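Undergrad: Next up, run_25.cif (mmCIF, C-alpha atoms).
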data_model
#
loop_
_atom_site.group_PDB
_atom_site.id
_atom_site.type_symbol
_atom_site.label_atom_id
_atom_site.label_comp_id
_atom_site.auth_asym_id
_atom_site.auth_seq_id
_atom_site.Cartn_x
_atom_site.Cartn_y
_atom_site.Cartn_z
ATOM 1 C CA MET A 273 108.111 66.034 82.265
ATOM 2 C CA GLU A 274 104.690 67.457 81.434
ATOM 3 C CA LEU A 275 103.879 71.130 81.947
ATOM 4 C CA LYS A 276 101.304 70.357 84.638
ATOM 5 C CA GLU A 277 103.811 68.271 86.621
ATOM 6 C CA GLU A 278 106.459 71.001 86.441
ATOM 7 C CA LEU A 279 103.987 73.602 87.672
ATOM 8 C CA GLU A 280 102.749 71.325 90.467
ATOM 9 C CA LYS A 281 106.343 70.947 91.689
ATOM 10 C CA LYS A 282 106.454 74.706 92.237
ATOM 11 C CA LEU A 283 103.192 74.560 94.181
ATOM 12 C CA ILE A 284 104.614 71.840 96.427
ATOM 13 C CA THR A 285 107.317 74.304 97.489
ATOM 14 C CA ILE A 286 104.849 77.048 98.413
ATOM 15 C CA ASN A 287 102.399 74.645 100.085
ATOM 16 C CA LYS A 288 105.078 73.659 102.593
ATOM 17 C CA PHE A 289 104.776 77.067 104.265
ATOM 18 C CA PRO A 290 102.659 77.042 107.426
ATOM 19 C CA GLY A 291 99.230 78.452 106.795
ATOM 20 C CA VAL A 292 99.051 77.722 103.067
ATOM 21 C CA LEU A 293 95.780 75.876 102.532
ATOM 22 C CA ALA A 294 95.895 75.628 98.741
ATOM 23 C CA SER A 295 97.660 77.041 95.718
ATOM 24 C CA LEU A 296 96.660 77.328 92.086
ATOM 25 C CA ILE A 297 98.220 78.465 88.867
ATOM 26 C CA ILE A 298 95.377 79.655 86.667
ATOM 27 C CA ARG A 299 94.742 81.531 83.483
ATOM 28 C CA LYS A 300 92.717 84.709 83.821
ATOM 29 C CA ASP A 301 89.856 82.984 81.998
ATOM 30 C CA GLY A 302 89.648 80.526 84.925
ATOM 31 C CA LEU A 303 91.386 77.504 83.385
ATOM 32 C CA CYS A 304 93.352 75.752 86.112
ATOM 33 C CA LEU A 305 96.880 74.836 84.973
ATOM 34 C CA ALA A 306 97.990 73.388 88.317
ATOM 35 C CA PHE A 307 96.386 72.903 91.719
ATOM 36 C CA LEU A 308 97.537 71.634 95.090
ATOM 37 C CA SER A 309 95.522 71.641 98.305
ATOM 38 C CA ASN A 310 96.322 70.805 101.899
ATOM 39 C CA GLU A 311 92.582 70.886 102.662
ATOM 40 C CA ASP A 312 89.987 68.366 101.479
ATOM 41 C CA LYS A 313 87.277 71.018 101.266
ATOM 42 C CA ILE A 314 89.190 73.108 98.683
ATOM 43 C CA ASN A 315 89.206 71.792 95.131
ATOM 44 C CA LYS A 316 90.310 73.129 91.768
ATOM 45 C CA ASP A 317 86.750 74.118 90.840
ATOM 46 C CA ILE A 318 87.457 77.335 92.723
ATOM 47 C CA ALA A 319 89.700 78.465 89.834
ATOM 48 C CA VAL A 320 86.918 80.136 87.853
ATOM 49 C CA SER A 321 85.684 82.045 90.907
ATOM 50 C CA VAL A 322 89.096 83.340 91.935
ATOM 51 C CA ALA A 323 89.932 84.324 88.351
ATOM 52 C CA SER A 324 86.717 86.354 88.271
ATOM 53 C CA VAL A 325 87.647 88.112 91.510
ATOM 54 C CA PHE A 326 91.090 89.046 90.183
ATOM 55 C CA ASN A 327 89.660 90.239 86.876
ATOM 56 C CA ILE A 328 87.155 92.496 88.629
ATOM 57 C CA PHE A 329 89.899 94.131 90.692
ATOM 58 C CA GLU A 330 92.143 94.429 87.632
ATOM 59 C CA GLN A 331 89.354 96.112 85.667
ATOM 60 C CA THR A 332 88.670 98.467 88.581
ATOM 61 C CA ALA A 333 92.355 99.408 88.730
ATOM 62 C CA GLU A 334 92.280 100.189 85.003
ATOM 63 C CA GLU A 335 89.144 102.324 85.380
ATOM 64 C CA LEU A 336 90.779 104.238 88.222
ATOM 65 C CA LYS A 337 93.852 104.652 86.032
ATOM 66 C CA THR A 338 96.129 103.181 88.682
ATOM 67 C CA GLU A 339 99.167 101.080 88.008
ATOM 68 C CA PRO A 340 98.517 97.493 86.899
ATOM 69 C CA LEU A 341 97.965 95.003 89.720
ATOM 70 C CA ASN A 342 101.095 93.076 90.663
ATOM 71 C CA TYR A 343 99.424 91.362 93.561
ATOM 72 C CA LEU A 344 96.146 91.441 95.409
ATOM 73 C CA LEU A 345 95.387 90.410 98.980
ATOM 74 C CA ILE A 346 91.848 89.864 100.185
ATOM 75 C CA LYS A 347 91.499 89.271 103.910
ATOM 76 C CA SER A 348 88.495 87.701 105.548
ATOM 77 C CA GLN A 349 87.858 86.640 109.115
ATOM 78 C CA ASN A 350 89.211 83.100 108.600
ATOM 79 C CA ASN A 351 91.216 83.085 105.368
ATOM 80 C CA ASN A 352 93.186 85.229 102.971
ATOM 81 C CA LEU A 353 93.202 85.076 99.186
ATOM 82 C CA PHE A 354 96.546 86.131 97.772
ATOM 83 C CA PHE A 355 96.917 86.707 94.021
ATOM 84 C CA ILE A 356 100.183 87.343 92.196
ATOM 85 C CA GLU A 357 100.176 88.140 88.504
ATOM 86 C CA VAL A 358 102.689 85.836 86.816
ATOM 87 C CA SER A 359 102.174 87.177 83.301
ATOM 88 C CA LYS A 360 99.551 88.965 81.249
ATOM 89 C CA ASP A 361 97.351 85.846 81.281
ATOM 90 C CA ILE A 362 98.513 83.789 84.308
ATOM 91 C CA ILE A 363 97.881 84.206 88.050
ATOM 92 C CA LEU A 364 99.332 82.413 91.070
ATOM 93 C CA VAL A 365 96.605 82.148 93.715
ATOM 94 C CA LEU A 366 97.219 81.189 97.330
ATOM 95 C CA ILE A 367 94.497 80.421 99.829
ATOM 96 C CA LEU A 368 95.930 81.119 103.257
ATOM 97 C CA ASP A 369 94.928 80.548 106.834
ATOM 98 C CA ILE A 370 94.552 83.823 108.703
ATOM 99 C CA SER A 371 97.695 82.959 110.719
ATOM 100 C CA ALA A 372 99.941 82.572 107.652
ATOM 101 C CA GLU A 373 103.038 84.768 107.557
ATOM 102 C CA ILE A 374 102.207 86.722 104.429
ATOM 103 C CA ASN A 375 105.580 88.506 104.121
ATOM 104 C CA LYS A 376 107.553 85.249 104.034
ATOM 105 C CA ILE A 377 105.051 83.667 101.675
ATOM 106 C CA TYR A 378 105.180 86.728 99.409
ATOM 107 C CA GLU A 379 108.981 86.539 99.186
ATOM 108 C CA GLU A 380 108.870 82.864 98.261
ATOM 109 C CA SER A 381 106.000 83.464 95.843
ATOM 110 C CA ILE A 382 108.058 86.002 93.909
ATOM 111 C CA LYS A 383 110.832 83.406 93.468
ATOM 112 C CA ILE A 384 108.309 80.795 92.372
ATOM 113 C CA THR A 385 106.676 83.255 89.991
ATOM 114 C CA GLN A 386 110.006 83.681 88.215
ATOM 115 C CA LYS A 387 110.357 79.909 87.901
ATOM 116 C CA ILE A 388 106.800 79.632 86.552
ATOM 117 C CA ILE A 389 107.645 82.239 83.901
ATOM 118 C CA GLU A 390 110.667 80.137 82.883
ATOM 119 C CA ILE A 391 108.549 76.990 82.650
ATOM 120 C CA LEU A 392 105.880 78.711 80.551
ATOM 121 C CA SER A 393 108.438 80.320 78.195
#
Could you write out this file's structure as structure tokens?

TA:
Amino acid sequence: MELKEELEKKLITINKFPGVLASLIIRKDGLCLAFLSNEDKINKDIAVSVASVFNIFEQTAEELKTEPLNYLLIKSQNNNLFFIEVSKDIILVLILDISAEINKIYEESIKITQKIIEILS
């Protein structure tokens, strides 16, 4: 099985949660390794933009001399962007409806992150 297919299988699991609109596994340079969307209006071209957002927050955390970012949640009026650092170069990004149960999704995301690490090793 190809790497992309294995990664997409993990996204299928997370996309089954209510409120998950899309999920991506991306490199911090914006290259999309895997993408799955439950919404027609969201496509994988968003990978570069969301990588930039994460990188800005990561750089800010470094400048403030805080601990490295493990995850980042950005809430807006209609959606949430949820980032989880998988490794030094890889991020799991979830685009969530405002009604999504973030705690349950976070717990499942941590499990999936571990499986992604295994796949990429």

Undergrad: Restricting the calculation to all atoms listed in the file: of A:Lys281, A:Leu366, A:Ile346, A:Phe289, which residue gets closest to Lys316 in chain A?

TA: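 With all atoms listed in the file as the atom set, the closest residue is A:Leu366.
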
Undergrad: Mind pulling up the distance from CA of Cys304 in chain A to CA of Lys276 in chain A?

TA: 9.7 Å

Undergrad: CA of Ser309 in chain A and CA of Leu293 in chain A are how many Å apart?

TA: 6.0 Å

Undergrad: I'd like the interatomic distance between CA of Leu275 in chain A and CA of Ile388 in chain A, to a tenth of an Å.

TA: 10.1 Å

Undergrad: Starting from the displayed file, determine the output of the PyMOL selection byres ((chain A and resi 331-341) around 12) and express the residue list as a list in words.

TA: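 Taken over the shown coordinates, the PyMOL selection byres ((chain A and resi 331-341) around 12) returns Ser324, Val325, Phe326, Asn327, Ile328, Phe329, Glu330, Asn342, Tyr343, Leu344, Leu345, Phe355, Ile356, Glu357, Val358, Ser359, Lys360 and Ile363 of chain A.
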
Undergrad: Using only C-alpha atoms, give me every residue within 12 Å of (97.1, 74.9, 88.2) in file coordinates, as a PyMOL selection string.

TA: chain A and resi 275-284+294-300+302-309+315-320+323+362-366+388

Undergrad: Run the PyMOL selection byres ((chain A and resi 373) around 12) on the file and write out the hits as a list of chain:residue names.

TA: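 Output from the PyMOL selection byres ((chain A and resi 373) around 12), applied to this file: A:Phe289, A:Pro290, A:Gly291, A:Val292, A:Asn352, A:Phe354, A:Leu368, A:Asp369, A:Ile370, A:Ser371, A:Ala372, A:Ile374, A:Asn375, A:Lys376, A:Ile377, A:Tyr378, A:Glu379, A:Glu380.
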
Undergrad: Considering only C-alpha atoms, can you say which of A:Ser321, A:Asn310, A:Thr285, A:Gln349 comes closest to Lys387 in chain A?

TA: A:Thr285

Undergrad: Axis-aligned box over every listed atom of range 347-360 of chain A, padded by 4 Å per side: centre and edges in Å to one decimal, as AutoDock Vina command-line options?

TA:
--center_x 95.3 --center_y 86.2 --center_z 95.2 --size_x 22.8 --size_y 14.2 --size_z 35.9

Undergrad: Quick one: of A:Ser381, A:Glu274, A:Ile367, A:Ser393, who's nearest to Asn351 in chain A, counting all atoms listed in the file?

TA: A:Ile367

Undergrad: For Val322 in chain A, which of A:Asn287, A:Lys347, A:Ile391, A:Leu353 is the closest residue, counting all atoms listed in the file?

TA: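 Smallest distance to Val322 in chain A is found for A:Leu353.
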
Undergrad: Please fill the gaps in range 308-342 of chain A so it has N, CA and C atoms, and write that as a PDB file, keeping the file's coordinate frame.

TA:
ATOM      1  N   LEU A 308      97.091  72.470  93.982  1.00  0.00           N
ATOM      2  CA  LEU A 308      97.537  71.634  95.090  1.00  0.00           C
ATOM      3  C   LEU A 308      96.867  72.147  96.358  1.00  0.00           C
ATOM      4  N   SER A 309      96.235  71.242  97.098  1.00  0.00           N
ATOM      5  CA  SER A 309      95.522  71.641  98.305  1.00  0.00           C
ATOM      6  C   SER A 309      95.956  70.815  99.494  1.00  0.00           C
ATOM      7  N   ASN A 310      96.065  71.478 100.630  1.00  0.00           N
ATOM      8  CA  ASN A 310      96.322  70.805 101.899  1.00  0.00           C
ATOM      9  C   ASN A 310      95.015  70.569 102.649  1.00  0.00           C
ATOM     10  N   GLU A 311      93.906  70.979 102.047  1.00  0.00           N
ATOM     11  CA  GLU A 311      92.582  70.886 102.662  1.00  0.00           C
ATOM     12  C   GLU A 311      91.642  70.111 101.739  1.00  0.00           C
ATOM     13  N   ASP A 312      90.925  69.148 102.281  1.00  0.00           N
ATOM     14  CA  ASP A 312      89.987  68.366 101.479  1.00  0.00           C
ATOM     15  C   ASP A 312      88.841  69.211 100.926  1.00  0.00           C
ATOM     16  N   LYS A 313      88.448  70.233 101.664  1.00  0.00           N
ATOM     17  CA  LYS A 313      87.277  71.018 101.266  1.00  0.00           C
ATOM     18  C   LYS A 313      87.567  72.001 100.129  1.00  0.00           C
ATOM     19  N   ILE A 314      88.830  72.192  99.773  1.00  0.00           N
ATOM     20  CA  ILE A 314      89.190  73.108  98.683  1.00  0.00           C
ATOM     21  C   ILE A 314      89.557  72.270  97.467  1.00  0.00           C
ATOM     22  N   ASN A 315      88.868  72.511  96.352  1.00  0.00           N
ATOM     23  CA  ASN A 315      89.206  71.792  95.131  1.00  0.00           C
ATOM     24  C   ASN A 315      89.440  72.766  93.988  1.00  0.00           C
ATOM     25  N   LYS A 316      89.912  72.248  92.870  1.00  0.00           N
ATOM     26  CA  LYS A 316      90.310  73.129  91.768  1.00  0.00           C
ATOM     27  C   LYS A 316      89.139  73.821  91.086  1.00  0.00           C
ATOM     28  N   ASP A 317      87.913  73.437  91.413  1.00  0.00           N
ATOM     29  CA  ASP A 317      86.750  74.118  90.840  1.00  0.00           C
ATOM     30  C   ASP A 317      86.689  75.589  91.248  1.00  0.00           C
ATOM     31  N   ILE A 318      87.432  75.949  92.255  1.00  0.00           N
ATOM     32  CA  ILE A 318      87.457  77.335  92.723  1.00  0.00           C
ATOM     33  C   ILE A 318      88.182  78.245  91.728  1.00  0.00           C
ATOM     34  N   ALA A 319      88.889  77.689  90.771  1.00  0.00           N
ATOM     35  CA  ALA A 319      89.700  78.465  89.834  1.00  0.00           C
ATOM     36  C   ALA A 319      88.896  79.525  89.095  1.00  0.00           C
ATOM     37  N   VAL A 320      87.729  79.172  88.604  1.00  0.00           N
ATOM     38  CA  VAL A 320      86.918  80.136  87.853  1.00  0.00           C
ATOM     39  C   VAL A 320      86.507  81.295  88.753  1.00  0.00           C
ATOM     40  N   SER A 321      86.108  80.993  89.967  1.00  0.00           N
ATOM     41  CA  SER A 321      85.684  82.045  90.907  1.00  0.00           C
ATOM     42  C   SER A 321      86.824  82.994  91.240  1.00  0.00           C
ATOM     43  N   VAL A 322      87.987  82.459  91.549  1.00  0.00           N
ATOM     44  CA  VAL A 322      89.096  83.340  91.935  1.00  0.00           C
ATOM     45  C   VAL A 322      89.609  84.141  90.738  1.00  0.00           C
ATOM     46  N   ALA A 323      89.552  83.563  89.551  1.00  0.00           N
ATOM     47  CA  ALA A 323      89.932  84.324  88.351  1.00  0.00           C
ATOM     48  C   ALA A 323      88.987  85.502  88.164  1.00  0.00           C
ATOM     49  N   SER A 324      87.708  85.274  88.395  1.00  0.00           N
ATOM     50  CA  SER A 324      86.717  86.354  88.271  1.00  0.00           C
ATOM     51  C   SER A 324      87.001  87.475  89.261  1.00  0.00           C
ATOM     52  N   VAL A 325      87.332  87.105  90.479  1.00  0.00           N
ATOM     53  CA  VAL A 325      87.647  88.112  91.510  1.00  0.00           C
ATOM     54  C   VAL A 325      88.836  88.958  91.062  1.00  0.00           C
ATOM     55  N   PHE A 326      89.901  88.306  90.617  1.00  0.00           N
ATOM     56  CA  PHE A 326      91.090  89.046  90.183  1.00  0.00           C
ATOM     57  C   PHE A 326      90.756  89.961  89.017  1.00  0.00           C
ATOM     58  N   ASN A 327      90.005  89.451  88.056  1.00  0.00           N
ATOM     59  CA  ASN A 327      89.660  90.239  86.876  1.00  0.00           C
ATOM     60  C   ASN A 327      88.847  91.477  87.228  1.00  0.00           C
ATOM     61  N   ILE A 328      87.944  91.341  88.192  1.00  0.00           N
ATOM     62  CA  ILE A 328      87.155  92.496  88.629  1.00  0.00           C
ATOM     63  C   ILE A 328      88.059  93.567  89.233  1.00  0.00           C
ATOM     64  N   PHE A 329      88.989  93.165  90.086  1.00  0.00           N
ATOM     65  CA  PHE A 329      89.899  94.131  90.692  1.00  0.00           C
ATOM     66  C   PHE A 329      90.832  94.736  89.646  1.00  0.00           C
ATOM     67  N   GLU A 330      91.268  93.924  88.694  1.00  0.00           N
ATOM     68  CA  GLU A 330      92.143  94.429  87.632  1.00  0.00           C
ATOM     69  C   GLU A 330      91.399  95.467  86.780  1.00  0.00           C
ATOM     70  N   GLN A 331      90.161  95.177  86.446  1.00  0.00           N
ATOM     71  CA  GLN A 331      89.354  96.112  85.667  1.00  0.00           C
ATOM     72  C   GLN A 331      89.127  97.405  86.451  1.00  0.00           C
ATOM     73  N   THR A 332      88.864  97.284  87.729  1.00  0.00           N
ATOM     74  CA  THR A 332      88.670  98.467  88.581  1.00  0.00           C
ATOM     75  C   THR A 332      89.930  99.318  88.609  1.00  0.00           C
ATOM     76  N   ALA A 333      91.088  98.675  88.726  1.00  0.00           N
ATOM     77  CA  ALA A 333      92.355  99.408  88.730  1.00  0.00           C
ATOM     78  C   ALA A 333      92.544 100.157  87.413  1.00  0.00           C
ATOM     79  N   GLU A 334      92.179  99.528  86.307  1.00  0.00           N
ATOM     80  CA  GLU A 334      92.280 100.189  85.003  1.00  0.00           C
ATOM     81  C   GLU A 334      91.341 101.391  84.930  1.00  0.00           C
ATOM     82  N   GLU A 335      90.113 101.231  85.412  1.00  0.00           N
ATOM     83  CA  GLU A 335      89.144 102.324  85.380  1.00  0.00           C
ATOM     84  C   GLU A 335      89.594 103.497  86.248  1.00  0.00           C
ATOM     85  N   LEU A 336      90.263 103.190  87.338  1.00  0.00           N
ATOM     86  CA  LEU A 336      90.779 104.238  88.222  1.00  0.00           C
ATOM     87  C   LEU A 336      92.102 104.810  87.730  1.00  0.00           C
ATOM     88  N   LYS A 337      92.587 104.234  86.643  1.00  0.00           N
ATOM     89  CA  LYS A 337      93.852 104.652  86.032  1.00  0.00           C
ATOM     90  C   LYS A 337      95.021 104.543  87.015  1.00  0.00           C
ATOM     91  N   THR A 338      95.010 103.465  87.781  1.00  0.00           N
ATOM     92  CA  THR A 338      96.129 103.181  88.682  1.00  0.00           C
ATOM     93  C   THR A 338      97.108 102.277  87.950  1.00  0.00           C
ATOM     94  N   GLU A 339      98.189 102.007  88.580  1.00  0.00           N
ATOM     95  CA  GLU A 339      99.167 101.080  88.008  1.00  0.00           C
ATOM     96  C   GLU A 339      98.543  99.700  87.892  1.00  0.00           C
ATOM     97  N   PRO A 340      99.044  98.869  86.978  1.00  0.00           N
ATOM     98  CA  PRO A 340      98.517  97.493  86.899  1.00  0.00           C
ATOM     99  C   PRO A 340      98.730  96.756  88.222  1.00  0.00           C
ATOM    100  N   LEU A 341      97.842  95.799  88.495  1.00  0.00           N
ATOM    101  CA  LEU A 341      97.965  95.003  89.720  1.00  0.00           C
ATOM    102  C   LEU A 341      99.138  94.042  89.600  1.00  0.00           C
ATOM    103  N   ASN A 342     100.029  94.069  90.574  1.00  0.00           N
ATOM    104  CA  ASN A 342     101.095  93.076  90.663  1.00  0.00           C
ATOM    105  C   ASN A 342     100.659  91.941  91.579  1.00  0.00           C
TER     106      ASN A 342
END
